[in-house]
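One file, query_28.tsv, is given below (TSV, C-alpha atoms).
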chain	number	residue	atom	x	y	z
A	167	GLY	CA	277.33	96.81	-9.05
A	168	GLU	CA	279.80	97.35	-11.84
A	169	SER	CA	279.13	99.90	-14.52
A	170	VAL	CA	280.65	99.69	-17.94
A	171	GLY	CA	279.06	102.16	-20.26
A	172	LEU	CA	279.58	103.68	-23.64
A	173	HIS	CA	279.32	107.40	-24.31
A	174	LEU	CA	277.50	107.08	-27.64
A	175	PRO	CA	275.15	104.32	-28.72
A	176	THR	CA	275.75	104.96	-32.46
A	177	LEU	CA	278.58	106.36	-34.52
A	178	SER	CA	278.72	107.02	-38.25
A	179	VAL	CA	281.99	107.73	-40.02
A	180	GLN	CA	283.12	108.18	-43.59
A	181	GLU	CA	285.20	105.43	-45.10
A	182	GLY	CA	288.85	106.28	-44.66
A	183	ASP	CA	288.33	108.44	-41.59
A	184	ASN	CA	289.45	107.46	-38.11
A	185	SER	CA	286.87	106.23	-35.59
A	186	ILE	CA	286.96	106.71	-31.86
A	187	ILE	CA	284.70	104.66	-29.61
A	188	ASN	CA	284.59	105.44	-25.92
A	189	CYS	CA	283.89	103.45	-22.80
A	190	ALA	CA	283.60	104.50	-19.16
A	191	TYR	CA	284.12	102.14	-16.29
A	192	SER	CA	283.37	102.61	-12.62
A	193	ASN	CA	285.64	100.24	-10.72
A	194	SER	CA	289.04	101.76	-10.12
A	195	ALA	CA	290.31	98.33	-9.07
A	196	SER	CA	289.71	96.87	-12.55
A	197	ASP	CA	293.07	95.84	-13.94
A	198	TYR	CA	292.37	94.47	-17.37
A	199	PHE	CA	290.21	95.63	-20.26
A	200	ILE	CA	289.11	94.13	-23.55
A	201	TRP	CA	287.52	95.51	-26.71
A	202	TYR	CA	285.23	93.31	-28.78
A	203	LYS	CA	283.74	93.61	-32.24
A	204	GLN	CA	280.37	92.03	-32.87
A	205	GLU	CA	279.06	91.86	-36.42
A	206	SER	CA	275.41	91.28	-37.14
A	207	GLY	CA	274.51	87.62	-36.68
A	208	LYS	CA	277.88	86.72	-35.20
A	209	GLY	CA	279.36	86.29	-31.79
A	210	PRO	CA	281.77	88.74	-30.16
A	211	GLN	CA	285.27	88.75	-31.55
A	212	PHE	CA	288.29	89.79	-29.48
A	213	ILE	CA	290.04	92.85	-30.93
A	214	ILE	CA	292.58	94.10	-28.43
A	215	ASP	CA	293.22	94.19	-24.71
A	216	ILE	CA	295.14	96.35	-22.28
A	217	ARG	CA	296.32	95.97	-18.72
A	218	SER	CA	295.98	98.73	-16.18
A	219	ASN	CA	299.75	99.26	-16.01
A	220	MET	CA	299.66	100.57	-19.58
A	221	ASP	CA	298.21	103.74	-21.08
A	222	LYS	CA	298.23	102.72	-24.69
A	223	ARG	CA	298.40	99.59	-26.79
A	224	GLN	CA	298.47	99.33	-30.55
A	225	GLY	CA	297.33	96.58	-32.85
A	226	GLN	CA	296.76	96.42	-36.54
A	227	ARG	CA	294.84	99.65	-37.36
A	228	VAL	CA	293.51	99.76	-33.79
A	229	THR	CA	294.76	101.55	-30.72
A	230	VAL	CA	293.36	101.34	-27.22
A	231	LEU	CA	293.93	104.18	-24.77
A	232	LEU	CA	293.39	103.87	-21.06
A	233	ASN	CA	292.97	106.86	-18.78
A	234	LYS	CA	292.82	105.54	-15.25
A	235	THR	CA	292.41	109.00	-13.75
A	236	VAL	CA	288.98	109.43	-15.26
A	237	LYS	CA	288.29	105.72	-15.70
A	238	HIS	CA	287.94	105.95	-19.43
A	239	LEU	CA	288.85	103.62	-22.25
A	240	SER	CA	288.81	104.34	-25.95
A	241	LEU	CA	289.23	102.36	-29.12
A	242	GLN	CA	290.64	104.12	-32.14
A	243	ILE	CA	290.28	102.55	-35.57
A	244	ALA	CA	292.47	104.06	-38.27
A	245	ALA	CA	291.31	104.41	-41.87
A	246	THR	CA	287.90	102.92	-41.11
A	247	GLN	CA	286.64	100.48	-43.72
A	248	PRO	CA	283.13	99.20	-44.50
A	249	GLY	CA	284.10	95.89	-42.93
A	250	ASP	CA	284.55	97.69	-39.63
A	251	SER	CA	280.80	98.30	-39.39
A	252	ALA	CA	279.72	96.45	-36.26
A	253	VAL	CA	278.87	96.88	-32.61
A	254	TYR	CA	281.92	97.48	-30.44
A	255	PHE	CA	281.87	96.95	-26.70
A	256	CYS	CA	284.34	96.94	-23.90
A	257	ALA	CA	284.78	94.64	-20.95
A	258	GLU	CA	286.57	95.15	-17.65
A	259	LYS	CA	288.00	92.61	-15.28
A	260	ALA	CA	287.19	93.41	-11.69
A	261	THR	CA	288.22	91.46	-8.63
A	262	GLY	CA	288.04	87.68	-8.56
A	263	ASN	CA	288.31	87.29	-12.33
A	264	GLN	CA	284.80	88.68	-12.79
A	265	PHE	CA	284.25	90.32	-16.15
A	266	TYR	CA	281.68	93.02	-16.86
A	267	PHE	CA	280.66	93.85	-20.39
A	268	GLY	CA	279.31	97.10	-21.81
A	269	THR	CA	276.24	97.33	-24.02
A	270	GLY	CA	278.05	98.52	-27.12
A	271	THR	CA	278.33	101.28	-29.71
A	272	SER	CA	277.08	100.62	-33.20
A	273	LEU	CA	279.60	101.83	-35.77
A	274	THR	CA	278.39	102.48	-39.33
A	275	VAL	CA	280.92	103.21	-42.04
A	276	ILE	CA	279.59	105.31	-44.88
A	277	PRO	CA	281.21	104.44	-48.24
B	17	ASP	CA	284.36	81.41	-38.38
B	18	SER	CA	285.27	80.70	-34.76
B	19	GLY	CA	284.78	76.95	-35.01
B	20	VAL	CA	282.08	77.04	-32.35
B	21	THR	CA	278.62	76.04	-33.56
B	22	GLN	CA	275.28	76.72	-31.95
B	23	THR	CA	271.80	75.47	-32.78
B	24	PRO	CA	269.20	76.58	-33.35
B	25	LYS	CA	269.96	80.02	-34.76
B	26	HIS	CA	266.52	81.34	-33.83
B	27	LEU	CA	263.93	80.09	-31.38
B	28	ILE	CA	260.47	81.49	-30.77
B	29	THR	CA	258.41	80.12	-27.93
B	30	ALA	CA	255.77	81.07	-25.40
B	31	THR	CA	255.96	81.99	-21.73
B	32	GLY	CA	256.07	79.01	-19.43
B	33	GLN	CA	257.72	76.76	-21.98
B	34	ARG	CA	261.08	75.02	-21.85
B	35	VAL	CA	263.80	75.10	-24.50
B	36	THR	CA	267.22	73.57	-25.03
B	37	LEU	CA	270.08	75.36	-26.72
B	38	ARG	CA	272.97	73.38	-28.07
B	39	CYS	CA	276.65	74.21	-28.47
B	40	SER	CA	279.54	72.34	-30.04
B	41	PRO	CA	282.94	73.73	-29.01
B	42	ARG	CA	286.00	74.07	-31.21
B	43	SER	CA	287.79	70.83	-31.80
B	44	GLY	CA	290.00	70.09	-28.82
B	45	ASP	CA	288.50	72.71	-26.50
B	46	LEU	CA	287.43	71.31	-23.15
B	47	SER	CA	285.84	74.45	-21.68
B	48	VAL	CA	282.41	75.69	-22.65
B	49	TYR	CA	280.96	78.97	-21.41
B	50	TRP	CA	277.40	80.23	-21.71
B	51	TYR	CA	276.49	83.92	-21.88
B	52	GLN	CA	273.26	85.87	-22.16
B	53	GLN	CA	273.11	89.14	-24.09
B	54	SER	CA	269.98	91.25	-23.91
B	55	LEU	CA	269.37	94.62	-25.58
B	56	ASP	CA	269.68	96.71	-22.45
B	57	GLN	CA	272.52	94.78	-20.87
B	58	GLY	CA	275.95	93.67	-21.92
B	59	LEU	CA	277.04	90.07	-22.02
B	60	GLN	CA	276.30	88.29	-18.78
B	61	PHE	CA	278.27	85.19	-17.90
B	62	LEU	CA	276.01	82.32	-16.94
B	63	ILE	CA	278.05	79.18	-16.40
B	64	GLN	CA	281.22	77.31	-17.39
B	65	TYR	CA	281.86	73.62	-17.88
B	66	TYR	CA	285.25	71.97	-18.24
B	67	ASN	CA	285.51	68.40	-19.48
B	68	GLY	CA	282.02	67.59	-18.29
B	69	GLU	CA	282.24	69.23	-14.87
B	70	GLU	CA	280.71	72.51	-13.78
B	71	ARG	CA	283.59	74.91	-12.99
B	72	ALA	CA	282.14	78.38	-12.53
B	73	LYS	CA	278.75	79.93	-12.07
B	74	GLY	CA	277.71	83.46	-12.87
B	75	ASN	CA	274.32	85.11	-12.97
B	76	ILE	CA	272.42	82.00	-13.90
B	77	LEU	CA	268.81	81.73	-12.76
B	78	GLU	CA	267.56	78.63	-10.99
B	79	ARG	CA	265.20	78.06	-13.93
B	80	PHE	CA	268.26	77.62	-16.15
B	81	SER	CA	270.59	74.66	-16.15
B	82	ALA	CA	273.36	73.33	-18.35
B	83	GLN	CA	275.41	70.25	-18.90
B	84	GLN	CA	278.39	69.11	-20.92
B	85	PHE	CA	278.38	65.67	-22.46
B	86	PRO	CA	281.25	63.19	-22.94
B	87	ASP	CA	281.66	64.35	-26.54
B	88	LEU	CA	282.10	67.86	-25.07
B	89	HIS	CA	279.05	69.42	-26.61
B	90	SER	CA	276.95	71.39	-24.18
B	91	GLU	CA	273.29	72.15	-23.72
B	92	LEU	CA	271.66	75.07	-21.93
B	93	ASN	CA	268.15	74.33	-20.68
B	94	LEU	CA	265.81	77.23	-20.01
B	95	SER	CA	262.51	76.45	-18.30
B	96	SER	CA	259.40	78.33	-17.16
B	97	LEU	CA	260.33	80.94	-19.70
B	98	GLU	CA	259.43	84.57	-19.10
B	99	LEU	CA	259.29	87.51	-21.48
B	100	GLY	CA	262.49	88.85	-19.95
B	101	ASP	CA	264.39	85.75	-21.01
B	102	SER	CA	264.25	86.94	-24.61
B	103	ALA	CA	267.89	87.50	-25.53
B	104	LEU	CA	270.84	86.24	-27.50
B	105	TYR	CA	272.53	83.28	-25.88
B	106	PHE	CA	276.16	82.73	-26.74
B	107	CYS	CA	278.37	79.78	-26.19
B	108	ALA	CA	282.14	80.20	-26.12
B	109	SER	CA	284.87	77.61	-25.91
B	110	SER	CA	288.43	77.59	-24.74
B	111	ASP	CA	291.23	75.09	-24.35
B	112	ARG	CA	291.88	76.35	-20.83
B	113	LEU	CA	290.40	75.44	-17.48
B	114	ALA	CA	290.54	79.00	-16.22
B	115	GLY	CA	291.05	82.18	-18.12
B	116	GLY	CA	289.36	85.27	-19.32
B	117	PRO	CA	287.00	85.86	-22.21
B	118	ASN	CA	289.97	87.08	-24.25
B	119	GLU	CA	290.92	83.42	-24.55
B	120	GLN	CA	287.44	82.28	-25.53
B	121	PHE	CA	286.01	81.80	-29.01
B	122	PHE	CA	282.36	82.70	-29.37
B	123	GLY	CA	279.73	80.94	-31.39
B	124	PRO	CA	277.19	82.82	-33.54
B	125	GLY	CA	274.53	82.69	-30.84
B	126	THR	CA	270.93	81.58	-30.52
B	127	ARG	CA	268.30	84.29	-30.58
B	128	LEU	CA	265.50	83.37	-28.20
B	129	THR	CA	262.20	85.19	-28.39
B	130	VAL	CA	259.60	84.51	-25.71
B	131	LEU	CA	256.10	85.67	-26.63

Would it be possible to restate this file's structure as structure tokens?
Amino acid sequence: GESVGLHLPTLSVQEGDNSIINCAYSNSASDYFIWYKQESGKGPQFIIDIRSNMDKRQGQRVTVLLNKTVKHLSLQIAATQPGDSAVYFCAEKATGNQFYFGTGTSLTVIP
Amino acid sequence: DSGVTQTPKHLITATGQRVTLRCSPRSGDLSVYWYQQSLDQGLQFLIQYYNGEERAKGNILERFSAQQFPDLHSELNLSSLELGDSALYFCASSDRLAGGPNEQFFGPGTRLTVL
């Protein structure tokens, strides 16, 4: 089956520092990836996506990097704020519009 | 606030029982999706309804069923509950017939605990 995993289950960063959250995927045919933010007691919220024909995509304070060679995806959050504390997980689109979701990394921002 | 509402927020029940989870999509959205999220697994797509009709099926057990009503709200029925059914159940809605989860808006979820 598909495997979407995260390198670290928890991450703590100081407020103002940059955060990097990683995700590994196993299907080299996956052509689309999404990052979600899930705050406690809330549903997943779309952050940013990237297609496999791109290496990098930037949003507001967030950047997603895709390394297809090693099947690795990362989410970079600049100037991390307390409101960024949440679980972040990635999703990959495999063949037939099937999406597979990772289990998540819990990010804690220390004021 | 995504505009998607789910009730109840929490549900505690015993093995063998049956429960119904309810979802109201965003105003104007015709598609409703159901997902299961357990601690050791990521989100798992269960089923999609569009304007009252079942459109796609994922990893939904035979003990589970869903429907979408004329007013577009949806219910997920879970029966013969087992301990392993304990999870967060999310509903998402979209204005599209087909599309990815990037186009879906998620509700706050129902936390089901089976004792």

Kindly provide the residues of chain A that approach chain B to within 12 Å, each paired with its closest atom pair and their distance in Å to one decimal, based on all atoms listed in the file, listed by chain and increasing number, as CSV.
residue,atom,partner,partner_atom,distance
A:Glu168,CA,B:Gly58,CA,11.4
A:Ser169,CA,B:Gly58,CA,10.2
A:Val170,CA,B:Gly58,CA,8.6
A:Gly171,CA,B:Gly58,CA,9.2
A:Leu172,CA,B:Gly58,CA,10.8
A:Pro175,CA,B:Asp56,CA,11.3
A:Tyr198,CA,B:Gly116,CA,9.9
A:Phe199,CA,B:Asn118,CA,9.4
A:Ile200,CA,B:Asn118,CA,7.1
A:Trp201,CA,B:Asn118,CA,9.1
A:Tyr202,CA,B:Asn118,CA,9.0
A:Lys203,CA,B:Phe122,CA,11.4
A:Gln204,CA,B:Pro124,CA,9.8
A:Glu205,CA,B:Pro124,CA,9.7
A:Ser206,CA,B:Pro124,CA,9.4
A:Gly207,CA,B:Pro124,CA,6.3
A:Lys208,CA,B:Pro124,CA,4.3
A:Gly209,CA,B:Pro124,CA,4.5
A:Pro210,CA,B:Phe122,CA,6.1
A:Gln211,CA,B:Phe122,CA,7.1
A:Phe212,CA,B:Asn118,CA,6.1
A:Ile213,CA,B:Asn118,CA,8.8
A:Ile214,CA,B:Asn118,CA,8.6
A:Asp215,CA,B:Asn118,CA,7.8
A:Ile216,CA,B:Asn118,CA,10.8
A:Val253,CA,B:Gly58,CA,11.5
A:Tyr254,CA,B:Gly58,CA,11.1
A:Phe255,CA,B:Gly58,CA,8.3
A:Cys256,CA,B:Gly58,CA,9.2
A:Ala257,CA,B:Gly58,CA,8.9
A:Glu258,CA,B:Pro117,CA,10.4
A:Lys259,CA,B:Gly116,CA,8.5
A:Ala260,CA,B:Gly116,CA,11.4
A:Gly262,CA,B:Gly116,CA,11.1
A:Asn263,CA,B:Gly116,CA,7.4
A:Gln264,CA,B:Gly116,CA,8.7
A:Phe265,CA,B:Gly116,CA,7.9
A:Tyr266,CA,B:Gln60,CA,7.4
A:Phe267,CA,B:Gly58,CA,5.0
A:Gly268,CA,B:Gly58,CA,4.8
A:Thr269,CA,B:Gly58,CA,4.2
A:Gly270,CA,B:Gly58,CA,7.4
A:Thr271,CA,B:Gly58,CA,11.1

Seminar exercise, completed: Closest of B:Pro86, B:Pro24, B:Gly100, B:Gly19 to Pro41 (chain B), counting all atoms listed in the file, is B:Gly19

Exercise. Neighbours of Leu177 (chain A) within 9 Å (all atoms listed in the file; same-chain residues fewer than 6 positions away dropped), as a PyMOL selection string?
Worked result: chain A and resi 185-187+271-275

Problem set entry | Spatial neighbours of Leu97 (chain B), 8 Å, only C-alpha atoms, chain gap at least 6 places, as a VMD selection string | chain B and resid 30 to 34 130

How big is the axis-aligned box around all listed atoms of region 174-190 of chain A once 6 Å goes on each side, and where's its centre, in Å to one decimal, as JSON?
{"center_x": 282.3, "center_y": 105.9, "center_z": -32.1, "size_x": 26.3, "size_y": 17.0, "size_z": 37.9}

For this session: Take CA of Tyr191 (chain A) and CA of Leu231 (chain A) and report the distance between them in Å, one decimal.
Result: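 CA of Leu231 (chain A) lies at a distance of 13.1 Å from CA of Tyr191 (chain A).
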
Exercise. So what do you get for CA of Phe80 (chain B) versus CA of Gln22 (chain B), distance-wise?
Worked result: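 We find that CA of Phe80 (chain B) and CA of Gln22 (chain B) lie 17.3 Å from each other.
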
Give me region 110-121 of chain B with all heavy atoms filled in, as a PDB file, keeping the file's coordinate frame.
ATOM      1  N   SER B 110     287.038  77.284 -25.012  1.00  0.00           N
ATOM      2  CA  SER B 110     288.430  77.590 -24.740  1.00  0.00           C
ATOM      3  C   SER B 110     289.150  76.278 -24.464  1.00  0.00           C
ATOM      4  O   SER B 110     288.536  75.303 -24.028  1.00  0.00           O
ATOM      5  CB  SER B 110     288.524  78.526 -23.533  1.00  0.00           C
ATOM      6  OG  SER B 110     289.829  78.572 -23.015  1.00  0.00           O
ATOM      7  N   ASP B 111     290.462  76.289 -24.678  1.00  0.00           N
ATOM      8  CA  ASP B 111     291.230  75.090 -24.350  1.00  0.00           C
ATOM      9  C   ASP B 111     291.769  75.145 -22.921  1.00  0.00           C
ATOM     10  O   ASP B 111     292.527  74.270 -22.507  1.00  0.00           O
ATOM     11  CB  ASP B 111     292.387  74.898 -25.347  1.00  0.00           C
ATOM     12  CG  ASP B 111     293.369  76.067 -25.333  1.00  0.00           C
ATOM     13  OD1 ASP B 111     293.142  77.043 -24.589  1.00  0.00           O
ATOM     14  OD2 ASP B 111     294.364  76.011 -26.085  1.00  0.00           O
ATOM     15  N   ARG B 112     291.361  76.176 -22.184  1.00  0.00           N
ATOM     16  CA  ARG B 112     291.880  76.350 -20.830  1.00  0.00           C
ATOM     17  C   ARG B 112     290.820  76.061 -19.772  1.00  0.00           C
ATOM     18  O   ARG B 112     289.639  76.270 -20.002  1.00  0.00           O
ATOM     19  CB  ARG B 112     292.378  77.783 -20.641  1.00  0.00           C
ATOM     20  CG  ARG B 112     293.547  78.090 -21.534  1.00  0.00           C
ATOM     21  CD  ARG B 112     293.890  79.566 -21.525  1.00  0.00           C
ATOM     22  NE  ARG B 112     294.833  79.859 -22.606  1.00  0.00           N
ATOM     23  CZ  ARG B 112     296.147  79.828 -22.450  1.00  0.00           C
ATOM     24  NH1 ARG B 112     296.668  79.552 -21.274  1.00  0.00           N
ATOM     25  NH2 ARG B 112     296.938  80.090 -23.474  1.00  0.00           N
ATOM     26  N   LEU B 113     291.287  75.650 -18.612  1.00  0.00           N
ATOM     27  CA  LEU B 113     290.400  75.440 -17.480  1.00  0.00           C
ATOM     28  C   LEU B 113     289.931  76.772 -16.926  1.00  0.00           C
ATOM     29  O   LEU B 113     288.762  76.967 -16.625  1.00  0.00           O
ATOM     30  CB  LEU B 113     291.140  74.635 -16.391  1.00  0.00           C
ATOM     31  CG  LEU B 113     290.464  74.556 -15.011  1.00  0.00           C
ATOM     32  CD1 LEU B 113     289.093  73.902 -15.138  1.00  0.00           C
ATOM     33  CD2 LEU B 113     291.333  73.795 -14.041  1.00  0.00           C
ATOM     34  N   ALA B 114     290.880  77.679 -16.764  1.00  0.00           N
ATOM     35  CA  ALA B 114     290.540  79.000 -16.220  1.00  0.00           C
ATOM     36  C   ALA B 114     291.182  80.047 -17.104  1.00  0.00           C
ATOM     37  O   ALA B 114     292.259  79.857 -17.642  1.00  0.00           O
ATOM     38  CB  ALA B 114     291.059  79.136 -14.798  1.00  0.00           C
ATOM     39  N   GLY B 115     290.513  81.131 -17.264  1.00  0.00           N
ATOM     40  CA  GLY B 115     291.050  82.180 -18.120  1.00  0.00           C
ATOM     41  C   GLY B 115     289.955  83.164 -18.434  1.00  0.00           C
ATOM     42  O   GLY B 115     288.793  82.944 -18.111  1.00  0.00           O
ATOM     43  N   GLY B 116     290.335  84.244 -19.039  1.00  0.00           N
ATOM     44  CA  GLY B 116     289.360  85.270 -19.320  1.00  0.00           C
ATOM     45  C   GLY B 116     288.684  85.104 -20.661  1.00  0.00           C
ATOM     46  O   GLY B 116     289.073  84.256 -21.455  1.00  0.00           O
ATOM     47  N   PRO B 117     287.704  85.934 -20.928  1.00  0.00           N
ATOM     48  CA  PRO B 117     287.000  85.860 -22.210  1.00  0.00           C
ATOM     49  C   PRO B 117     287.882  86.200 -23.396  1.00  0.00           C
ATOM     50  O   PRO B 117     287.525  85.902 -24.537  1.00  0.00           O
ATOM     51  CB  PRO B 117     285.846  86.861 -22.055  1.00  0.00           C
ATOM     52  CG  PRO B 117     286.198  87.711 -20.905  1.00  0.00           C
ATOM     53  CD  PRO B 117     287.090  86.909 -20.022  1.00  0.00           C
ATOM     54  N   ASN B 118     289.046  86.804 -23.156  1.00  0.00           N
ATOM     55  CA  ASN B 118     289.970  87.080 -24.250  1.00  0.00           C
ATOM     56  C   ASN B 118     290.516  85.793 -24.847  1.00  0.00           C
ATOM     57  O   ASN B 118     291.026  85.775 -25.957  1.00  0.00           O
ATOM     58  CB  ASN B 118     291.126  87.948 -23.779  1.00  0.00           C
ATOM     59  CG  ASN B 118     291.853  87.351 -22.592  1.00  0.00           C
ATOM     60  OD1 ASN B 118     291.225  87.055 -21.583  1.00  0.00           O
ATOM     61  ND2 ASN B 118     293.154  87.163 -22.708  1.00  0.00           N
ATOM     62  N   GLU B 119     290.414  84.706 -24.085  1.00  0.00           N
ATOM     63  CA  GLU B 119     290.920  83.420 -24.550  1.00  0.00           C
ATOM     64  C   GLU B 119     289.800  82.514 -25.040  1.00  0.00           C
ATOM     65  O   GLU B 119     290.016  81.334 -25.290  1.00  0.00           O
ATOM     66  CB  GLU B 119     291.677  82.728 -23.412  1.00  0.00           C
ATOM     67  CG  GLU B 119     292.891  83.521 -22.955  1.00  0.00           C
ATOM     68  CD  GLU B 119     293.418  83.038 -21.609  1.00  0.00           C
ATOM     69  OE1 GLU B 119     292.614  82.834 -20.681  1.00  0.00           O
ATOM     70  OE2 GLU B 119     294.635  82.869 -21.498  1.00  0.00           O
ATOM     71  N   GLN B 120     288.606  83.068 -25.134  1.00  0.00           N
ATOM     72  CA  GLN B 120     287.440  82.280 -25.530  1.00  0.00           C
ATOM     73  C   GLN B 120     287.037  82.617 -26.959  1.00  0.00           C
ATOM     74  O   GLN B 120     287.151  83.758 -27.393  1.00  0.00           O
ATOM     75  CB  GLN B 120     286.267  82.555 -24.585  1.00  0.00           C
ATOM     76  CG  GLN B 120     286.555  82.181 -23.143  1.00  0.00           C
ATOM     77  CD  GLN B 120     285.534  82.763 -22.187  1.00  0.00           C
ATOM     78  OE1 GLN B 120     284.403  83.084 -22.580  1.00  0.00           O
ATOM     79  NE2 GLN B 120     285.916  82.885 -20.931  1.00  0.00           N
ATOM     80  N   PHE B 121     286.515  81.619 -27.656  1.00  0.00           N
ATOM     81  CA  PHE B 121     286.010  81.800 -29.010  1.00  0.00           C
ATOM     82  C   PHE B 121     284.493  81.650 -28.973  1.00  0.00           C
ATOM     83  O   PHE B 121     283.988  80.637 -28.494  1.00  0.00           O
ATOM     84  CB  PHE B 121     286.646  80.776 -29.948  1.00  0.00           C
ATOM     85  CG  PHE B 121     288.116  80.991 -30.134  1.00  0.00           C
ATOM     86  CD1 PHE B 121     289.020  80.491 -29.205  1.00  0.00           C
ATOM     87  CD2 PHE B 121     288.598  81.720 -31.202  1.00  0.00           C
ATOM     88  CE1 PHE B 121     290.380  80.704 -29.345  1.00  0.00           C
ATOM     89  CE2 PHE B 121     289.959  81.935 -31.362  1.00  0.00           C
ATOM     90  CZ  PHE B 121     290.844  81.434 -30.434  1.00  0.00           C
TER      91      PHE B 121
END
